[in-house]
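K.L.:
Structure provided below as structure tokens; questions to follow.
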Amino acid sequence: MKEPVRVGIIGCGAISGNYLKNAQNLPILDIVACADLIPEAAKTRAEEYGIPKVCTVEELLADDSIAIVLNLTIPRAHAPIALQAIASGKHTYAEKPFALRREEGEKILKTAKEKGVLVGCAPDTFMGAGIQTARKVIDDGLIGEPVSFTAFMMGRGCEAWHPNPEFYYEPGGGPMFDMGPYYLTALLNLLGPVKRLSGLAAIAIPERTITSEAKYGKMIHVTTPDHLCGSIEFVNGAVGTIITSFATMHATYDGQFPITIYGDEGTLRVPDPNGFDGSVQIRHAGDEDWVDVPHAFVPGYGRSVGVADMAYAIRSRRAHRANGEQAFAVLDAMQGFLESSDTGRCVTPATSYQRPAPMPAELPFGELDE
Ligand SMILES: NC(=O)c1ccc[n+]([C@@H]2O[C@H](COP(=O)([O-])OP(=O)(O)OC[C@H]3O[C@@H](n4cnc5c(N)ncnc54)[C@H](O)[C@@H]3O)[C@@H](O)[C@H]2O)c1
């Protein structure tokens, strides 16, 4: 085993525990420091997971021994921290969304290229056995030519469970910027680049009351759409619909398979793209029922595998999968839906998109391709 890659975490809130737990199974990652605007939050995580150094954001960025900044802050801090990390000569990997606006995303990619550092971004769920298997089914032609898709993420929002839900209802949040990255990243990996898209968005529930514990009773004034219906035409010809909503309840689609891909020879049920290992099902014209497709990739990964993949890429100089260009394509589409809703016109992508390599199927859990 070669030396692990040293990682510093900025942002020690709810999702950081999930990363730290999963990183324990990925020997390439060595989490050596953590920082948060709230020092107590960083201290708590450090104690929980044995992180040797608790410091300020500035101290973490100044630590030359750290190669990757793992940015787990809230959406509006993603781009500013990414730019600070790049300026400090560090590779950076952020939680989704990549940024709030295309201009921020473009600036991150440009400055990283100039500095010669890598940029990565969640989600990495598309690297799980579920979406990878679904991709292989399509690539192997098992449903024929893709014709259409449906993708539904329809719920009532986050104020009943998240301790600090305000950011979900401000620009950079909303169901498209919050959950859209899972769905759009999966769709890009399954169907390839987008040709054009359109959207209709609404603020359906403008005032919300927090009912989770710490902030119980606090009102949230919603400043970004909480319901969005989009249409996408892919370059491969598939045309379909995505709905993301924080304003609906009891949605009737099968929650186990929120994405369906329709081909001219069969239909594919794709598991929840907010998870890693859901099951995949296929059905052809003559089939009486859905047939389970065995996973063709290694199961068991969780959030952190995208950073681990980037750490391998740093060492071997190969391309990494949850990369900034893919995250930018997702951001471009999300912003495009909102613009289309405002203008009534279709939007074409700002850049080209190339799917990342499939995951290695032959390596054991915890080990990625060099
Ligand atoms: N909570 C989840 O279930 C979940 C799941 C997947 C992804 N995410 C994503 O992870 C990110 C963080 O979400 P969360 O739920 O952990 O939020 P959170 O509010 O629980 O934690 C965010 C932390 O970042 C810190 N922070 C904010 N701005 C900062 C800055 N400028 N410098 C240093 N620290 C800063 C906050 O003090 C807080 O401790 C979001 O982008 C969210 O979309 C969350």
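Every chain in the structure tokens has a letter given in the order shown (A, B, ...), and although residue numbers restart at 1 in each chain, ligands are simply numbered from 1 in the order shown.
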Quick one: contact table of chain A to ligand 1, 9 Å max, nearest atom pair and distance in Å to one decimal per residue, counting only C-alpha atoms and all ligand atoms, chain and number order, as a tab-separated table?
P.N.:
```
residue	atom	partner	partner_atom_place_in_ligand_line	distance
A:Ile10	CA	ligand 1	33 (C)	5.5
A:Gly11	CA	ligand 1	24 (O)	3.6
A:Cys12	CA	ligand 1	39 (O)	4.6
A:Gly13	CA	ligand 1	21 (O)	3.2
A:Ala14	CA	ligand 1	16 (O)	3.7
A:Ile15	CA	ligand 1	16 (O)	3.8
A:Ser16	CA	ligand 1	16 (O)	5.9
A:Gly17	CA	ligand 1	16 (O)	8.4
A:Asn18	CA	ligand 1	5 (C)	8.6
A:Ala35	CA	ligand 1	33 (C)	6.4
A:Asp36	CA	ligand 1	34 (N)	3.8
A:Leu37	CA	ligand 1	34 (N)	4.1
A:Ile38	CA	ligand 1	37 (O)	5.0
A:Pro39	CA	ligand 1	37 (O)	8.3
A:Glu40	CA	ligand 1	39 (O)	8.9
A:Ala41	CA	ligand 1	39 (O)	5.8
A:Ala42	CA	ligand 1	39 (O)	7.6
A:Thr56	CA	ligand 1	33 (C)	8.1
A:Val57	CA	ligand 1	33 (C)	6.2
A:Asn71	CA	ligand 1	11 (C)	8.2
A:Leu72	CA	ligand 1	11 (C)	5.0
A:Thr73	CA	ligand 1	24 (O)	3.6
A:Ile74	CA	ligand 1	41 (O)	4.4
A:Pro75	CA	ligand 1	41 (O)	4.6
A:Arg76	CA	ligand 1	28 (N)	7.7
A:Ala77	CA	ligand 1	31 (N)	5.1
A:His78	CA	ligand 1	41 (O)	7.4
A:Pro80	CA	ligand 1	31 (N)	7.8
A:Ile81	CA	ligand 1	31 (N)	6.8
A:Ala94	CA	ligand 1	41 (O)	7.9
A:Glu95	CA	ligand 1	41 (O)	5.0
A:Lys96	CA	ligand 1	41 (O)	5.1
A:Pro97	CA	ligand 1	41 (O)	6.2
A:Phe98	CA	ligand 1	41 (O)	8.6
A:Ala122	CA	ligand 1	7 (C)	7.9
A:Pro123	CA	ligand 1	7 (C)	7.9
A:His162	CA	ligand 1	1 (N)	6.9
A:Pro163	CA	ligand 1	20 (O)	6.9
A:Asn164	CA	ligand 1	19 (O)	5.5
A:Pro165	CA	ligand 1	19 (O)	7.5
A:Glu166	CA	ligand 1	19 (O)	8.8
A:Phe167	CA	ligand 1	19 (O)	7.9
A:Tyr168	CA	ligand 1	43 (O)	7.9
A:Gly172	CA	ligand 1	41 (O)	8.7
A:Gly173	CA	ligand 1	43 (O)	7.6
A:Phe177	CA	ligand 1	43 (O)	8.2
A:Asp178	CA	ligand 1	43 (O)	5.5
A:Met179	CA	ligand 1	43 (O)	8.0
A:Asn274	CA	ligand 1	6 (C)	8.1
A:Arg303	CA	ligand 1	6 (C)	8.4
```
K.L.:
Name all residues at most 8 Å from segment 221-235 of chain A (count only C-alpha atoms; drop same-chain ones fewer than 5 positions away) and give them as JSON, numbers by chain.
P.N.:
{"A": [169, 170, 171, 173, 174, 175, 176, 191, 192, 193, 194, 195, 196, 197, 198, 199, 200, 201, 202, 203, 204, 205, 206, 207, 208, 240, 241, 242, 243, 244, 245, 246, 247, 337]}
K.L.:
Write a file of the just-selected residues containing C-alpha atoms, as an mmCIF file, in the first residue's frame.
P.N.:
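out_14.cif, freshly written:
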```
data_model
loop_
_atom_site.group_PDB
_atom_site.id
_atom_site.type_symbol
_atom_site.label_atom_id
_atom_site.label_comp_id
_atom_site.auth_asym_id
_atom_site.auth_seq_id
_atom_site.Cartn_x
_atom_site.Cartn_y
_atom_site.Cartn_z
ATOM 1 C CA TYR A 169 -35.088 27.204 0.890
ATOM 2 C CA GLU A 170 -32.605 29.812 -0.302
ATOM 3 C CA PRO A 171 -30.817 30.046 -3.699
ATOM 4 C CA GLY A 173 -31.175 24.964 -2.166
ATOM 5 C CA GLY A 174 -34.668 24.044 -3.314
ATOM 6 C CA PRO A 175 -35.366 20.490 -4.480
ATOM 7 C CA MET A 176 -33.482 20.898 -7.775
ATOM 8 C CA LEU A 191 -27.757 8.633 -21.055
ATOM 9 C CA GLY A 192 -24.750 10.869 -21.787
ATOM 10 C CA PRO A 193 -24.709 14.551 -22.693
ATOM 11 C CA VAL A 194 -27.770 16.814 -22.817
ATOM 12 C CA LYS A 195 -28.852 18.431 -26.106
ATOM 13 C CA ARG A 196 -31.387 20.884 -24.666
ATOM 14 C CA LEU A 197 -33.781 21.264 -21.745
ATOM 15 C CA SER A 198 -36.723 23.275 -20.479
ATOM 16 C CA GLY A 199 -38.295 23.835 -17.077
ATOM 17 C CA LEU A 200 -41.285 25.185 -15.157
ATOM 18 C CA ALA A 201 -40.678 26.141 -11.539
ATOM 19 C CA ALA A 202 -42.862 27.420 -8.699
ATOM 20 C CA ILE A 203 -42.695 28.515 -5.079
ATOM 21 C CA ALA A 204 -45.642 26.414 -3.973
ATOM 22 C CA ILE A 205 -45.322 26.785 -0.163
ATOM 23 C CA PRO A 206 -43.769 30.229 0.455
ATOM 24 C CA GLU A 207 -43.779 30.172 4.290
ATOM 25 C CA ARG A 208 -42.655 27.117 6.221
ATOM 26 C CA GLY A 240 -38.017 12.624 -20.763
ATOM 27 C CA THR A 241 -39.262 14.323 -17.614
ATOM 28 C CA ILE A 242 -37.797 15.113 -14.210
ATOM 29 C CA ILE A 243 -39.822 16.461 -11.273
ATOM 30 C CA THR A 244 -38.142 17.604 -8.068
ATOM 31 C CA SER A 245 -40.369 18.879 -5.282
ATOM 32 C CA PHE A 246 -40.331 19.870 -1.624
ATOM 33 C CA ALA A 247 -44.057 20.684 -1.872
ATOM 34 C CA PHE A 337 -34.242 24.770 -15.740
#
```
K.L.:
Residues within 10 Å of Asn323 of chain A, please, as an mmCIF file with all heavy atoms, in the first residue's frame. Count only C-alpha atoms; anything in the same chain fewer than 6 positions from it doesn't count.
P.N.:
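Result file follows (out.cif):
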```cif
data_model
loop_
_atom_site.group_PDB
_atom_site.id
_atom_site.type_symbol
_atom_site.label_atom_id
_atom_site.label_comp_id
_atom_site.auth_asym_id
_atom_site.auth_seq_id
_atom_site.Cartn_x
_atom_site.Cartn_y
_atom_site.Cartn_z
ATOM 1 N N TYR A 93 -12.545 18.996 -3.049
ATOM 2 C CA TYR A 93 -13.730 18.177 -3.347
ATOM 3 C C TYR A 93 -14.856 18.694 -2.462
ATOM 4 O O TYR A 93 -14.691 18.800 -1.245
ATOM 5 C CB TYR A 93 -13.443 16.702 -3.019
ATOM 6 C CG TYR A 93 -14.569 15.749 -3.348
ATOM 7 C CD1 TYR A 93 -14.517 14.936 -4.483
ATOM 8 C CD2 TYR A 93 -15.697 15.653 -2.540
ATOM 9 C CE1 TYR A 93 -15.551 14.057 -4.789
ATOM 10 C CE2 TYR A 93 -16.734 14.783 -2.843
ATOM 11 C CZ TYR A 93 -16.651 13.978 -3.962
ATOM 12 O OH TYR A 93 -17.665 13.110 -4.265
ATOM 13 N N LEU A 118 -6.747 19.373 -8.768
ATOM 14 C CA LEU A 118 -7.980 18.709 -9.178
ATOM 15 C C LEU A 118 -9.183 19.242 -8.400
ATOM 16 O O LEU A 118 -9.053 19.646 -7.243
ATOM 17 C CB LEU A 118 -7.875 17.204 -8.946
ATOM 18 C CG LEU A 118 -6.767 16.457 -9.696
ATOM 19 C CD1 LEU A 118 -6.891 14.955 -9.457
ATOM 20 C CD2 LEU A 118 -6.842 16.755 -11.197
ATOM 21 N N VAL A 119 -10.337 19.212 -9.072
ATOM 22 C CA VAL A 119 -11.593 19.616 -8.443
ATOM 23 C C VAL A 119 -12.560 18.443 -8.537
ATOM 24 O O VAL A 119 -12.758 17.891 -9.620
ATOM 25 C CB VAL A 119 -12.200 20.829 -9.188
ATOM 26 C CG1 VAL A 119 -13.574 21.153 -8.628
ATOM 27 C CG2 VAL A 119 -11.294 22.033 -9.089
ATOM 28 N N GLY A 120 -13.140 18.094 -7.412
ATOM 29 C CA GLY A 120 -14.140 17.038 -7.404
ATOM 30 C C GLY A 120 -15.398 17.518 -6.718
ATOM 31 O O GLY A 120 -15.383 18.547 -6.034
ATOM 32 N N CYS A 121 -16.480 16.796 -6.929
ATOM 33 C CA CYS A 121 -17.748 17.233 -6.318
ATOM 34 C C CYS A 121 -18.706 16.058 -6.184
ATOM 35 O O CYS A 121 -18.768 15.201 -7.067
ATOM 36 C CB CYS A 121 -18.363 18.324 -7.185
ATOM 37 S SG CYS A 121 -19.840 19.085 -6.477
ATOM 38 N N ALA A 122 -19.453 16.064 -5.086
ATOM 39 C CA ALA A 122 -20.540 15.111 -4.897
ATOM 40 C C ALA A 122 -21.612 15.409 -5.953
ATOM 41 O O ALA A 122 -21.656 16.524 -6.464
ATOM 42 C CB ALA A 122 -21.112 15.274 -3.490
ATOM 43 N N PRO A 123 -22.485 14.474 -6.242
ATOM 44 C CA PRO A 123 -22.574 13.181 -5.588
ATOM 45 C C PRO A 123 -21.608 12.154 -6.175
ATOM 46 O O PRO A 123 -21.235 12.237 -7.335
ATOM 47 C CB PRO A 123 -24.020 12.758 -5.877
ATOM 48 C CG PRO A 123 -24.337 13.368 -7.200
ATOM 49 C CD PRO A 123 -23.601 14.685 -7.199
ATOM 50 N N ASP A 124 -21.280 11.168 -5.313
ATOM 51 C CA ASP A 124 -20.521 10.015 -5.787
ATOM 52 C C ASP A 124 -21.395 8.754 -5.774
ATOM 53 O O ASP A 124 -20.900 7.651 -6.020
ATOM 54 C CB ASP A 124 -19.231 9.823 -4.974
ATOM 55 C CG ASP A 124 -19.467 9.826 -3.466
ATOM 56 O OD1 ASP A 124 -20.633 9.846 -3.030
ATOM 57 O OD2 ASP A 124 -18.473 9.797 -2.712
ATOM 58 N N GLY A 306 -15.994 9.051 -3.803
ATOM 59 C CA GLY A 306 -15.609 10.038 -4.826
ATOM 60 C C GLY A 306 -14.305 10.740 -4.465
ATOM 61 O O GLY A 306 -13.460 10.985 -5.332
ATOM 62 N N VAL A 307 -14.131 11.070 -3.177
ATOM 63 C CA VAL A 307 -12.869 11.691 -2.727
ATOM 64 C C VAL A 307 -11.734 10.677 -2.845
ATOM 65 O O VAL A 307 -10.618 11.024 -3.242
ATOM 66 C CB VAL A 307 -12.917 12.126 -1.239
ATOM 67 C CG1 VAL A 307 -11.844 13.142 -0.947
ATOM 68 C CG2 VAL A 307 -14.265 12.626 -0.832
ATOM 69 N N ASP A 309 -11.512 8.220 -4.914
ATOM 70 C CA ASP A 309 -11.208 8.092 -6.342
ATOM 71 C C ASP A 309 -10.331 9.262 -6.794
ATOM 72 O O ASP A 309 -9.395 9.085 -7.578
ATOM 73 C CB ASP A 309 -12.537 8.066 -7.111
ATOM 74 C CG ASP A 309 -12.343 7.858 -8.595
ATOM 75 O OD1 ASP A 309 -11.747 6.844 -8.979
ATOM 76 O OD2 ASP A 309 -12.802 8.725 -9.378
ATOM 77 N N MET A 310 -10.613 10.461 -6.275
ATOM 78 C CA MET A 310 -9.799 11.628 -6.626
ATOM 79 C C MET A 310 -8.388 11.480 -6.046
ATOM 80 O O MET A 310 -7.409 11.882 -6.684
ATOM 81 C CB MET A 310 -10.462 12.914 -6.134
ATOM 82 C CG MET A 310 -9.855 14.161 -6.758
ATOM 83 S SD MET A 310 -10.815 15.647 -6.427
ATOM 84 C CE MET A 310 -9.964 16.254 -4.987
ATOM 85 N N PRO A 356 -17.677 9.852 -17.126
ATOM 86 C CA PRO A 356 -16.458 9.276 -16.551
ATOM 87 C C PRO A 356 -16.386 7.778 -16.840
ATOM 88 O O PRO A 356 -17.403 7.167 -17.193
ATOM 89 C CB PRO A 356 -16.614 9.535 -15.053
ATOM 90 C CG PRO A 356 -18.057 9.767 -14.826
ATOM 91 C CD PRO A 356 -18.646 10.272 -16.107
#
```
K.L.:
Could you pull out the strand (DSSP E) residues of segment 126-271 of chain A, going by DSSP on the backbone, and write them as an MDAnalysis selection string?
P.N.:
chainID A and resid 146:154 194:202 207:209 219:221 227:234 239:245 259:263 266:270
K.L.:
List the spatial neighbours of Gly89 of chain A as a VMD selection string - criterion: any atom at most 10 Å away, only C-alpha atoms, same-chain residues fewer than 4 positions off excluded.
P.N.:
chain A and resid 61 to 62 64 66 to 68 83 to 85 112 115 to 118
K.L.:
Those residues you just picked out, can you put them in a file as a tab-separated table (two decimals), in the first residue's frame with C-alpha atoms?
P.N.:
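Printed below is out-v1.tsv as written:
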```
chain	number	residue	atom	x	y	z
A	61	LEU	CA	-5.64	26.08	4.32
A	62	ALA	CA	-2.14	27.10	5.42
A	64	ASP	CA	1.19	22.42	3.55
A	66	ILE	CA	-2.76	18.66	3.47
A	67	ALA	CA	-3.35	17.67	-0.18
A	68	ILE	CA	-7.17	17.67	-0.40
A	83	LEU	CA	-11.47	29.08	-4.56
A	84	GLN	CA	-9.58	29.60	-1.28
A	85	ALA	CA	-8.43	25.97	-1.30
A	112	ALA	CA	-7.90	24.96	-10.69
A	115	LYS	CA	-2.95	26.02	-10.50
A	116	GLY	CA	-2.70	22.39	-11.65
A	117	VAL	CA	-4.98	21.02	-8.93
A	118	LEU	CA	-7.98	18.71	-9.18
```
K.L.:
Measuring between only C-alpha atoms, which one of A:Pro358, A:Ile51, A:Glu114, A:Glu370 shows the shortest distance to Arg318 of chain A?
P.N.:
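Smallest separation from Arg318 of chain A among the options: A:Glu370.
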K.L.:
Give me the residues near Glu3 of chain A as an MDAnalysis selection string, where near means some atom within 10 Å (using only C-alpha atoms) and where sequence neighbours in that chain fewer than 5 positions away do not count.
P.N.:
chainID A and resid 27:30 315
K.L.:
Give the answer as one residue: which of A:Asn22, A:Ser340, A:Thr348, A:Gln335 has the shortest atom-to-atom distance to Leu100 of chain A, using only C-alpha atoms?
P.N.:
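Ranking A:Asn22, A:Ser340, A:Thr348, A:Gln335 by distance to Leu100 of chain A, first place goes to A:Gln335.
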